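Data block for final.cif (mmCIF, C-alpha atoms and all ligand atoms):
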data_upload
#
loop_
_atom_site.group_PDB
_atom_site.id
_atom_site.type_symbol
_atom_site.label_atom_id
_atom_site.label_comp_id
_atom_site.auth_asym_id
_atom_site.auth_seq_id
_atom_site.Cartn_x
_atom_site.Cartn_y
_atom_site.Cartn_z
ATOM 1 C CA MET A 1 98.025 135.005 96.007
ATOM 2 C CA THR A 2 101.055 132.921 94.991
ATOM 3 C CA VAL A 3 104.319 133.872 96.697
ATOM 4 C CA LYS A 4 107.906 132.711 96.588
ATOM 5 C CA LEU A 5 107.995 130.427 99.605
ATOM 6 C CA GLU A 6 109.507 127.038 98.815
ATOM 7 C CA ILE A 7 108.555 123.672 100.214
ATOM 8 C CA PRO A 8 111.307 121.900 102.185
ATOM 9 C CA VAL A 9 113.771 119.590 100.405
ATOM 10 C CA ILE A 10 115.202 116.597 102.270
ATOM 11 C CA ASP A 11 118.261 114.673 101.141
ATOM 12 C CA LEU A 12 117.691 110.990 101.956
ATOM 13 C CA ALA A 13 121.224 109.884 101.020
ATOM 14 C CA LEU A 14 122.126 108.808 104.564
ATOM 15 C CA SER A 15 118.651 107.780 105.672
ATOM 16 C CA ASP A 16 119.558 104.113 106.093
ATOM 17 C CA GLY A 17 122.732 104.863 107.999
ATOM 18 C CA ALA A 18 124.285 107.339 110.367
ATOM 19 C CA GLU A 19 121.784 110.135 109.755
ATOM 20 C CA ARG A 20 118.583 108.117 110.037
ATOM 21 C CA GLU A 21 117.405 109.420 113.398
ATOM 22 C CA ARG A 22 117.975 113.047 112.439
ATOM 23 C CA LEU A 23 116.345 112.581 109.037
ATOM 24 C CA CYS A 24 113.305 110.788 110.492
ATOM 25 C CA LYS A 25 112.748 113.728 112.809
ATOM 26 C CA GLU A 26 113.132 116.121 109.896
ATOM 27 C CA VAL A 27 110.653 114.181 107.754
ATOM 28 C CA ALA A 28 108.114 114.128 110.609
ATOM 29 C CA LYS A 29 108.659 117.828 111.259
ATOM 30 C CA VAL A 30 107.986 118.928 107.685
ATOM 31 C CA ALA A 31 105.044 116.525 107.496
ATOM 32 C CA GLU A 32 103.635 118.281 110.561
ATOM 33 C CA GLU A 33 104.339 121.811 109.425
ATOM 34 C CA TRP A 34 103.744 121.517 105.682
ATOM 35 C CA GLY A 35 102.332 118.108 104.811
ATOM 36 C CA PHE A 36 104.444 118.563 101.657
ATOM 37 C CA PHE A 37 108.152 118.210 100.933
ATOM 38 C CA GLN A 38 110.562 117.080 98.252
ATOM 39 C CA VAL A 39 113.086 114.267 98.553
ATOM 40 C CA ILE A 40 116.333 113.807 96.654
ATOM 41 C CA ASN A 41 118.744 110.855 96.726
ATOM 42 C CA HIS A 42 115.706 108.713 97.463
ATOM 43 C CA GLY A 43 116.967 105.500 95.891
ATOM 44 C CA VAL A 44 114.548 105.295 92.950
ATOM 45 C CA ASP A 45 116.423 104.885 89.678
ATOM 46 C CA GLU A 46 116.515 108.238 87.902
ATOM 47 C CA SER A 47 116.331 106.686 84.440
ATOM 48 C CA LEU A 48 113.112 104.926 85.503
ATOM 49 C CA MET A 49 111.643 108.295 86.519
ATOM 50 C CA THR A 50 112.593 109.748 83.132
ATOM 51 C CA ARG A 51 111.225 106.748 81.242
ATOM 52 C CA THR A 52 107.946 107.038 83.151
ATOM 53 C CA LEU A 53 107.524 110.686 82.217
ATOM 54 C CA ASP A 54 108.521 109.890 78.617
ATOM 55 C CA VAL A 55 106.044 107.080 78.188
ATOM 56 C CA TYR A 56 103.145 109.172 79.473
ATOM 57 C CA GLU A 57 104.231 112.105 77.331
ATOM 58 C CA ASP A 58 104.092 109.743 74.336
ATOM 59 C CA PHE A 59 100.617 108.644 75.399
ATOM 60 C CA PHE A 60 99.247 112.172 75.640
ATOM 61 C CA HIS A 61 100.719 113.034 72.243
ATOM 62 C CA SER A 62 99.169 109.943 70.642
ATOM 63 C CA PRO A 63 96.281 110.299 68.195
ATOM 64 C CA VAL A 64 92.883 110.502 69.831
ATOM 65 C CA GLU A 65 91.949 107.116 68.327
ATOM 66 C CA GLU A 66 94.777 105.515 70.281
ATOM 67 C CA LYS A 67 93.920 107.241 73.535
ATOM 68 C CA THR A 68 90.283 106.304 73.080
ATOM 69 C CA LYS A 69 91.241 102.639 73.486
ATOM 70 C CA ALA A 70 91.722 103.463 77.160
ATOM 71 C CA VAL A 71 88.776 105.805 77.513
ATOM 72 C CA ILE A 72 87.249 105.880 80.959
ATOM 73 C CA SER A 73 84.147 103.712 81.321
ATOM 74 C CA GLU A 74 80.863 104.327 83.058
ATOM 75 C CA ASP A 75 81.553 102.333 86.169
ATOM 76 C CA SER A 76 85.160 103.182 86.844
ATOM 77 C CA ILE A 77 87.642 105.895 87.598
ATOM 78 C CA GLU A 78 90.299 104.057 85.568
ATOM 79 C CA GLY A 79 91.328 105.147 82.118
ATOM 80 C CA TRP A 80 91.773 108.210 79.956
ATOM 81 C CA LYS A 81 89.687 111.319 80.319
ATOM 82 C CA HIS A 82 89.816 114.605 78.456
ATOM 83 C CA PRO A 83 87.932 117.745 79.492
ATOM 84 C CA THR A 84 86.207 118.085 76.105
ATOM 85 C CA LEU A 85 86.938 115.002 73.979
ATOM 86 C CA THR A 86 85.499 112.427 76.379
ATOM 87 C CA GLN A 87 82.203 112.328 78.188
ATOM 88 C CA ALA A 88 82.215 112.446 81.936
ATOM 89 C CA SER A 89 80.869 109.086 83.014
ATOM 90 C CA GLU A 90 77.820 109.156 85.194
ATOM 91 C CA TYR A 91 80.034 107.778 87.919
ATOM 92 C CA LEU A 92 82.348 110.765 87.674
ATOM 93 C CA GLN A 93 80.035 113.555 86.655
ATOM 94 C CA HIS A 94 80.100 115.095 90.127
ATOM 95 C CA VAL A 95 83.815 115.612 89.969
ATOM 96 C CA ALA A 96 84.254 116.398 86.269
ATOM 97 C CA SER A 97 84.086 120.109 86.730
ATOM 98 C CA GLN A 98 86.694 120.004 89.458
ATOM 99 C CA PHE A 99 89.196 117.848 87.537
ATOM 100 C CA SER A 100 89.410 119.530 84.193
ATOM 101 C CA ALA A 101 92.890 118.503 83.081
ATOM 102 C CA GLU A 102 93.390 115.661 80.606
ATOM 103 C CA TYR A 103 94.496 112.594 82.512
ATOM 104 C CA VAL A 104 94.927 108.861 82.554
ATOM 105 C CA ALA A 105 94.609 106.971 85.830
ATOM 106 C CA ASN A 106 95.174 103.314 86.593
ATOM 107 C CA SER A 107 95.679 101.108 89.610
ATOM 108 C CA TRP A 108 98.642 98.762 89.129
ATOM 109 C CA ILE A 109 98.874 97.020 92.499
ATOM 110 C CA PRO A 110 97.247 94.607 93.155
ATOM 111 C CA ALA A 111 97.278 93.368 89.570
ATOM 112 C CA THR A 112 93.699 92.161 89.549
ATOM 113 C CA PRO A 113 90.972 92.892 87.004
ATOM 114 C CA LYS A 114 88.926 94.541 89.754
ATOM 115 C CA TYR A 115 91.278 97.496 89.632
ATOM 116 C CA THR A 116 93.310 97.337 86.425
ATOM 117 C CA LYS A 117 90.465 97.917 84.030
ATOM 118 C CA LYS A 118 91.641 100.367 81.429
ATOM 119 C CA TRP A 119 95.372 100.672 80.941
ATOM 120 C CA PRO A 120 96.417 102.126 77.584
ATOM 121 C CA PRO A 121 97.674 99.486 75.112
ATOM 122 C CA THR A 122 99.921 102.062 73.436
ATOM 123 C CA PRO A 123 102.662 103.008 73.730
ATOM 124 C CA ALA A 124 103.671 99.417 74.370
ATOM 125 C CA ALA A 125 106.164 100.449 77.042
ATOM 126 C CA LEU A 126 103.505 102.161 79.142
ATOM 127 C CA ARG A 127 102.348 99.096 81.055
ATOM 128 C CA PRO A 128 105.730 97.527 81.934
ATOM 129 C CA THR A 129 107.196 100.936 82.750
ATOM 130 C CA SER A 130 104.243 101.822 84.970
ATOM 131 C CA ILE A 131 104.520 98.536 86.860
ATOM 132 C CA GLU A 132 108.267 98.975 87.317
ATOM 133 C CA PHE A 133 107.768 102.558 88.503
ATOM 134 C CA VAL A 134 104.931 101.702 90.879
ATOM 135 C CA ASN A 135 106.947 98.917 92.494
ATOM 136 C CA ALA A 136 109.912 101.250 93.059
ATOM 137 C CA ALA A 137 107.679 104.069 94.283
ATOM 138 C CA THR A 138 105.866 101.740 96.678
ATOM 139 C CA ARG A 139 109.158 100.904 98.377
ATOM 140 C CA LEU A 140 109.775 104.645 98.797
ATOM 141 C CA HIS A 141 106.238 105.196 100.117
ATOM 142 C CA GLU A 142 106.804 102.514 102.733
ATOM 143 C CA LYS A 143 110.181 103.915 103.674
ATOM 144 C CA LEU A 144 108.769 107.417 104.144
ATOM 145 C CA CYS A 145 105.875 106.117 106.237
ATOM 146 C CA ARG A 146 108.402 104.301 108.427
ATOM 147 C CA MET A 147 110.509 107.449 108.710
ATOM 148 C CA MET A 148 107.487 109.559 109.677
ATOM 149 C CA ALA A 149 106.544 107.023 112.359
ATOM 150 C CA GLU A 150 110.073 106.900 113.761
ATOM 151 C CA GLY A 151 110.272 110.676 113.680
ATOM 152 C CA LEU A 152 107.146 110.823 115.865
ATOM 153 C CA GLY A 153 108.770 108.442 118.333
ATOM 154 C CA LEU A 154 106.592 105.498 117.265
ATOM 155 C CA GLU A 155 107.546 101.996 116.198
ATOM 156 C CA SER A 156 108.806 101.982 112.610
ATOM 157 C CA ASP A 157 105.805 99.952 111.393
ATOM 158 C CA ALA A 158 103.172 102.023 113.235
ATOM 159 C CA PHE A 159 101.696 103.232 109.939
ATOM 160 C CA VAL A 160 102.684 100.534 107.444
ATOM 161 C CA LYS A 161 101.179 97.715 109.491
ATOM 162 C CA HIS A 162 97.822 99.235 108.544
ATOM 163 C CA PHE A 163 98.759 99.151 104.865
ATOM 164 C CA VAL A 164 98.997 95.396 104.300
ATOM 165 C CA ASP A 165 98.265 94.372 100.693
ATOM 166 C CA PRO A 166 98.162 97.985 99.557
ATOM 167 C CA ARG A 167 96.503 99.369 96.463
ATOM 168 C CA VAL A 168 98.786 101.614 94.424
ATOM 169 C CA SER A 169 97.729 103.701 91.456
ATOM 170 C CA LEU A 170 99.189 106.188 89.023
ATOM 171 C CA ARG A 171 97.532 109.262 87.657
ATOM 172 C CA ALA A 172 99.212 111.215 84.862
ATOM 173 C CA ASN A 173 97.883 114.736 84.264
ATOM 174 C CA PHE A 174 98.609 116.647 81.097
ATOM 175 C CA TYR A 175 98.168 120.409 80.774
ATOM 176 C CA PRO A 176 98.654 122.454 77.605
ATOM 177 C CA VAL A 177 100.524 125.729 77.937
ATOM 178 C CA LYS A 178 98.408 128.220 79.826
ATOM 179 C CA THR A 179 97.190 131.005 77.580
ATOM 180 C CA GLU A 180 94.264 133.347 77.780
ATOM 181 C CA SER A 181 92.427 131.485 75.048
ATOM 182 C CA ASN A 182 92.967 127.877 76.090
ATOM 183 C CA PHE A 183 93.051 128.244 79.819
ATOM 184 C CA VAL A 184 92.287 125.006 81.549
ATOM 185 C CA GLY A 185 91.448 125.112 85.186
ATOM 186 C CA GLY A 186 93.602 122.170 86.124
ATOM 187 C CA LEU A 187 92.834 120.354 89.327
ATOM 188 C CA ALA A 188 90.761 122.180 91.896
ATOM 189 C CA PRO A 189 92.104 122.474 95.444
ATOM 190 C CA HIS A 190 91.867 119.134 97.215
ATOM 191 C CA SER A 191 93.595 116.888 99.687
ATOM 192 C CA ASP A 192 94.586 113.324 98.724
ATOM 193 C CA LEU A 193 92.573 110.490 100.204
ATOM 194 C CA CYS A 194 95.490 108.050 100.282
ATOM 195 C CA ASN A 195 98.272 107.271 102.765
ATOM 196 C CA THR A 196 100.924 109.237 100.913
ATOM 197 C CA THR A 197 101.417 110.578 97.385
ATOM 198 C CA LEU A 198 104.649 110.718 95.385
ATOM 199 C CA LEU A 199 104.725 113.021 92.381
ATOM 200 C CA ILE A 200 107.139 113.664 89.532
ATOM 201 C CA ASP A 201 106.708 116.660 87.281
ATOM 202 C CA THR A 202 108.175 118.160 84.129
ATOM 203 C CA VAL A 203 107.677 121.857 84.897
ATOM 204 C CA ASP A 204 106.326 124.003 87.713
ATOM 205 C CA GLY A 205 102.555 124.069 88.211
ATOM 206 C CA LEU A 206 101.739 122.241 91.455
ATOM 207 C CA GLU A 207 100.651 124.635 94.191
ATOM 208 C CA VAL A 208 100.388 123.905 97.897
ATOM 209 C CA LYS A 209 98.349 125.787 100.478
ATOM 210 C CA LYS A 210 100.543 126.862 103.360
ATOM 211 C CA ASP A 211 98.517 128.715 105.967
ATOM 212 C CA ASP A 212 96.627 131.191 103.749
ATOM 213 C CA THR A 213 99.125 131.257 100.907
ATOM 214 C CA TRP A 214 99.452 129.254 97.699
ATOM 215 C CA VAL A 215 103.079 128.161 97.255
ATOM 216 C CA ARG A 216 104.239 127.007 93.818
ATOM 217 C CA VAL A 217 106.457 123.916 93.997
ATOM 218 C CA LYS A 218 109.744 124.379 92.173
ATOM 219 C CA VAL A 219 110.505 121.275 90.122
ATOM 220 C CA LEU A 220 113.925 119.817 90.952
ATOM 221 C CA PRO A 221 115.622 117.278 88.684
ATOM 222 C CA ASN A 222 115.036 113.680 89.810
ATOM 223 C CA ALA A 223 113.185 114.688 92.963
ATOM 224 C CA PHE A 224 109.893 113.354 94.248
ATOM 225 C CA VAL A 225 107.313 115.656 95.751
ATOM 226 C CA VAL A 226 105.851 113.873 98.774
ATOM 227 C CA ASN A 227 102.554 114.684 100.379
ATOM 228 C CA VAL A 228 100.798 113.330 103.406
ATOM 229 C CA GLY A 229 97.380 111.926 102.547
ATOM 230 C CA ASP A 230 94.199 111.931 104.599
ATOM 231 C CA LEU A 231 94.806 108.464 106.022
ATOM 232 C CA VAL A 232 98.165 109.290 107.573
ATOM 233 C CA GLU A 233 96.562 112.420 109.018
ATOM 234 C CA ILE A 234 93.891 110.196 110.595
ATOM 235 C CA LEU A 235 96.371 107.587 111.890
ATOM 236 C CA SER A 236 98.586 110.322 113.349
ATOM 237 C CA ASN A 237 95.518 111.875 115.028
ATOM 238 C CA GLY A 238 96.079 115.104 113.147
ATOM 239 C CA ARG A 239 99.791 115.471 113.933
ATOM 240 C CA LEU A 240 100.749 115.068 110.264
ATOM 241 C CA LYS A 241 98.854 117.212 107.791
ATOM 242 C CA SER A 242 97.059 116.295 104.585
ATOM 243 C CA CYS A 243 97.104 119.722 102.954
ATOM 244 C CA LEU A 244 95.170 121.324 100.156
ATOM 245 C CA HIS A 245 96.957 121.537 96.831
ATOM 246 C CA ARG A 246 95.979 122.264 93.241
ATOM 247 C CA GLY A 247 97.324 121.467 89.777
ATOM 248 C CA CYS A 248 97.848 124.406 87.443
ATOM 249 C CA PRO A 249 99.106 124.677 83.887
ATOM 250 C CA ASN A 250 102.494 126.282 83.260
ATOM 251 C CA GLU A 251 102.712 129.644 81.520
ATOM 252 C CA ASN A 252 105.543 128.615 79.175
ATOM 253 C CA LYS A 253 105.539 124.875 78.586
ATOM 254 C CA GLU A 254 103.282 121.863 78.425
ATOM 255 C CA ARG A 255 103.126 120.261 81.817
ATOM 256 C CA LEU A 256 103.032 116.561 82.647
ATOM 257 C CA SER A 257 102.853 115.247 86.180
ATOM 258 C CA VAL A 258 102.664 111.649 87.338
ATOM 259 C CA SER A 259 101.320 110.981 90.828
ATOM 260 C CA CYS A 260 101.631 107.644 92.593
ATOM 261 C CA PHE A 261 98.985 107.078 95.269
ATOM 262 C CA TYR A 262 99.717 104.589 98.041
ATOM 263 C CA MET A 263 96.488 103.322 99.577
ATOM 264 C CA PRO A 264 95.468 100.575 101.992
ATOM 265 C CA ASN A 265 93.377 97.614 100.924
ATOM 266 C CA ASP A 266 89.616 98.126 100.780
ATOM 267 C CA ASP A 267 88.916 96.471 104.125
ATOM 268 C CA ALA A 268 91.527 98.318 106.150
ATOM 269 C CA VAL A 269 89.985 100.325 108.981
ATOM 270 C CA LEU A 270 91.830 103.546 109.761
ATOM 271 C CA ALA A 271 91.626 105.300 113.103
ATOM 272 C CA PRO A 272 93.988 107.343 115.276
ATOM 273 C CA LEU A 273 96.759 105.110 116.609
ATOM 274 C CA ASP A 274 96.256 103.941 120.194
ATOM 275 C CA GLU A 275 99.866 104.807 121.007
ATOM 276 C CA LEU A 276 99.112 108.478 120.309
ATOM 277 C CA LEU A 277 96.063 108.520 122.581
ATOM 278 C CA VAL A 278 98.043 109.067 125.762
ATOM 279 C CA ASP A 279 98.547 111.935 128.175
ATOM 280 C CA GLY A 280 94.962 113.080 127.835
ATOM 281 C CA GLN A 281 94.920 112.985 124.032
ATOM 282 C CA THR A 282 91.617 111.797 122.601
ATOM 283 C CA ALA A 283 90.833 110.612 119.093
ATOM 284 C CA LYS A 284 90.156 113.518 116.757
ATOM 285 C CA TYR A 285 88.772 111.315 113.960
ATOM 286 C CA LYS A 286 86.237 108.528 113.753
ATOM 287 C CA ALA A 287 87.366 105.175 112.394
ATOM 288 C CA VAL A 288 86.651 104.611 108.713
ATOM 289 C CA ARG A 289 86.892 101.631 106.386
ATOM 290 C CA PHE A 290 88.996 102.577 103.372
ATOM 291 C CA ALA A 291 86.515 101.434 100.708
ATOM 292 C CA ASP A 292 83.817 103.570 102.349
ATOM 293 C CA TYR A 293 86.115 106.572 102.473
ATOM 294 C CA PHE A 294 87.062 106.113 98.823
ATOM 295 C CA GLU A 295 83.407 105.851 97.850
ATOM 296 C CA SER A 296 82.682 109.092 99.708
ATOM 297 C CA LEU A 297 85.011 110.817 97.251
ATOM 298 C CA ILE A 298 83.335 109.435 94.175
ATOM 299 C CA SER A 299 79.681 109.371 95.104
ATOM 300 C CA LYS A 300 79.559 112.841 96.576
ATOM 301 C CA GLY A 301 82.181 114.518 94.437
ATOM 302 C CA ASN A 302 83.622 115.559 97.716
ATOM 303 C CA LEU A 303 87.155 116.439 96.751
ATOM 304 C CA LEU A 304 87.860 119.187 99.149
ATOM 305 C CA LYS A 305 89.236 119.148 102.623
ATOM 306 C CA ASP A 306 85.832 118.855 104.232
ATOM 307 C CA ARG A 307 85.851 115.147 103.319
ATOM 308 C CA ILE A 308 88.207 114.452 106.201
ATOM 309 C CA GLU A 309 86.431 117.021 108.321
ATOM 310 C CA GLN A 310 83.345 114.804 108.222
ATOM 311 C CA LEU A 311 85.283 112.272 110.247
ATOM 312 C CA ARG A 312 86.347 114.763 112.854
ATOM 313 C CA VAL A 313 85.140 114.053 116.385
ATOM 314 C CA GLU A 314 83.383 117.044 117.911
ATOM 315 C CA GLU A 315 85.275 118.414 120.866
HETATM 316 FE FE FE B 401 96.312 115.567 94.771
#

Could you show the structure in this file as structure tokens?
Ligand SMILES: [Fe+2]
Amino acid sequence: MTVKLEIPVIDLALSDGAERERLCKEVAKVAEEWGFFQVINHGVDESLMTRTLDVYEDFFHSPVEEKTKAVISEDSIEGWKHPTLTQASEYLQHVASQFSAEYVANSWIPATPKYTKKWPPTPAALRPTSIEFVNAATRLHEKLCRMMAEGLGLESDAFVKHFVDPRVSLRANFYPVKTESNFVGGLAPHSDLCNTTLLIDTVDGLEVKKDDTWVRVKVLPNAFVVNVGDLVEILSNGRLKSCLHRGCPNENKERLSVSCFYMPNDDAVLAPLDELLVDGQTAKYKAVRFADYFESLISKGNLLKDRIEQLRVEE
């Protein structure tokens, strides 16, 4: 059932000044209780957010021949994929049925061929705009991770020191208007395997699981939706929550969302922070190397919450 709860909204306008301590505590609190929140006055240029949505909207409205230039390849999760017009690669066939929206996904940081395999050549503004957006979003990711740490009473860099040389990717999802005849399932319930996710959206459609209820996120102009990913849940020893969410089409309008995933480098090893293992607290998760955790998503098609549960230490 979907009800009219609303995820918290935090105004970051004074987060580098007089209100920082209060706002850090607020960010940590909503990350504990919801794992999801929205931020406004976050410092990312609003025209850049609009240009990013525009350039991906242009991409999805391009002729199929143009989009095919970025079609996803057999050995990668990078590129364009459509639920019916493209084949699910062997690499992705496990997850194809769970991710049935049209999308294009690319890693932009670090800018190495290992990751940036299939970015769309058209529209021409897509690549420079994506890079500009990812750089701005990465600064906000880092700021929020610092605020969450401070709000938990930890050193500001308690999380970000584990995210040296991060990998940052964008995934744009495009949903036609939801009708009886063209219903697309969207994105099945899942948690995100990253540190944190920042999302911008054109219309309502993202839904977040709060306790036993699906809550539809109300799109606010120029806001980012923030969600805690699995890795921050692990580092915080379960204090901060990586919650289930799902992507749904809108009943009245086409929907475009752009998510920016902030991840560690492949060799980073994530485990509950030592500074939280005090006063009788023991580690609730086993340590995991990021590349191995990422591979567990792809090779097993394991998108749901039980991916992180596999790391849970038995009590
Ligand atoms: Fe997600």

Name each residue within 8 Å of ligand FE 401 (chain B), counting only C-alpha atoms and all ligand atoms, as a list in words.
His190, Ser191, Asp192, Thr197, Leu244, His245, Arg246, Gly247 and Ser259 of chain A

Between CA of Ala283 (chain A) and CA of Glu315 (chain A), what distance in Å does the model show, to one decimal?
9.7 Å

May I ask for the distance between CA of Phe261 (chain A) and CA of Val164 (chain A), given in Å to one decimal place?
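According to the coordinates, CA of Phe261 (chain A) and CA of Val164 (chain A) are separated by 14.8 Å.
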
For a quick check of understanding, using only C-alpha atoms, which of A:Pro120, A:Pro189, A:Gly153, A:Pro249 has the smallest distance to Glu78 (chain A)?
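So, comparing all the options, the nearest one is A:Pro120.
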
Can you work out which one of A:Pro176, A:Gly17, A:Gly35, A:Pro166 has the shortest atom-to-atom distance to Asp267 (chain A), counting all atoms listed in the file?
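Checking each candidate against Asp267 (chain A), we get A:Pro166 as the closest.
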
Could you name the residues that touch region 105-111 of chain A at 8 Å or less, counting all atoms listed in the file, but leaving out those on the same chain fewer than 3 positions away, as a count of residues only?
20

Taking the file as shown, what set of residues would the PyMOL selection byres (((chain A and resi 266) around 9) and not hetatm) give back, as a list in words?
Pro166, Arg167, Met263, Pro264, Asn265, Asp267, Ala268, Val269, Arg289, Phe290, Ala291, Asp292 and Phe294 of chain A

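Closest approach to Gly238 (chain A) among A:Ala70, A:Met147, A:Ala188, A:Ala271 is made by A:Ala271 (distances from all atoms listed in the file).
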
Name the residues that the PyMOL selection byres (((chain A and resi 216-227) around 9) and not hetatm) pulls out of this structure, and write them as a CSV table (one decimal) with C-alpha atoms, keeping the file's coordinate frame.
chain,number,residue,atom,x,y,z
A,2,THR,CA,101.1,132.9,95.0
A,3,VAL,CA,104.3,133.9,96.7
A,4,LYS,CA,107.9,132.7,96.6
A,5,LEU,CA,108.0,130.4,99.6
A,6,GLU,CA,109.5,127.0,98.8
A,7,ILE,CA,108.6,123.7,100.2
A,9,VAL,CA,113.8,119.6,100.4
A,31,ALA,CA,105.0,116.5,107.5
A,34,TRP,CA,103.7,121.5,105.7
A,35,GLY,CA,102.3,118.1,104.8
A,36,PHE,CA,104.4,118.6,101.7
A,37,PHE,CA,108.2,118.2,100.9
A,38,GLN,CA,110.6,117.1,98.3
A,39,VAL,CA,113.1,114.3,98.6
A,40,ILE,CA,116.3,113.8,96.7
A,41,ASN,CA,118.7,110.9,96.7
A,42,HIS,CA,115.7,108.7,97.5
A,44,VAL,CA,114.5,105.3,93.0
A,45,ASP,CA,116.4,104.9,89.7
A,46,GLU,CA,116.5,108.2,87.9
A,47,SER,CA,116.3,106.7,84.4
A,49,MET,CA,111.6,108.3,86.5
A,50,THR,CA,112.6,109.7,83.1
A,141,HIS,CA,106.2,105.2,100.1
A,144,LEU,CA,108.8,107.4,104.1
A,192,ASP,CA,94.6,113.3,98.7
A,195,ASN,CA,98.3,107.3,102.8
A,196,THR,CA,100.9,109.2,100.9
A,197,THR,CA,101.4,110.6,97.4
A,198,LEU,CA,104.6,110.7,95.4
A,199,LEU,CA,104.7,113.0,92.4
A,200,ILE,CA,107.1,113.7,89.5
A,201,ASP,CA,106.7,116.7,87.3
A,202,THR,CA,108.2,118.2,84.1
A,203,VAL,CA,107.7,121.9,84.9
A,204,ASP,CA,106.3,124.0,87.7
A,205,GLY,CA,102.6,124.1,88.2
A,206,LEU,CA,101.7,122.2,91.5
A,207,GLU,CA,100.7,124.6,94.2
A,208,VAL,CA,100.4,123.9,97.9
A,209,LYS,CA,98.3,125.8,100.5
A,214,TRP,CA,99.5,129.3,97.7
A,215,VAL,CA,103.1,128.2,97.3
A,228,VAL,CA,100.8,113.3,103.4
A,229,GLY,CA,97.4,111.9,102.5
A,241,LYS,CA,98.9,117.2,107.8
A,242,SER,CA,97.1,116.3,104.6
A,243,CYS,CA,97.1,119.7,103.0

Run the PyMOL selection byres (((chain A and resi 27) around 8) and not hetatm) against the file shown and list the residues it catches, as a PyMOL selection string.
chain A and resi 10+23-26+28-31+144+147-148+151
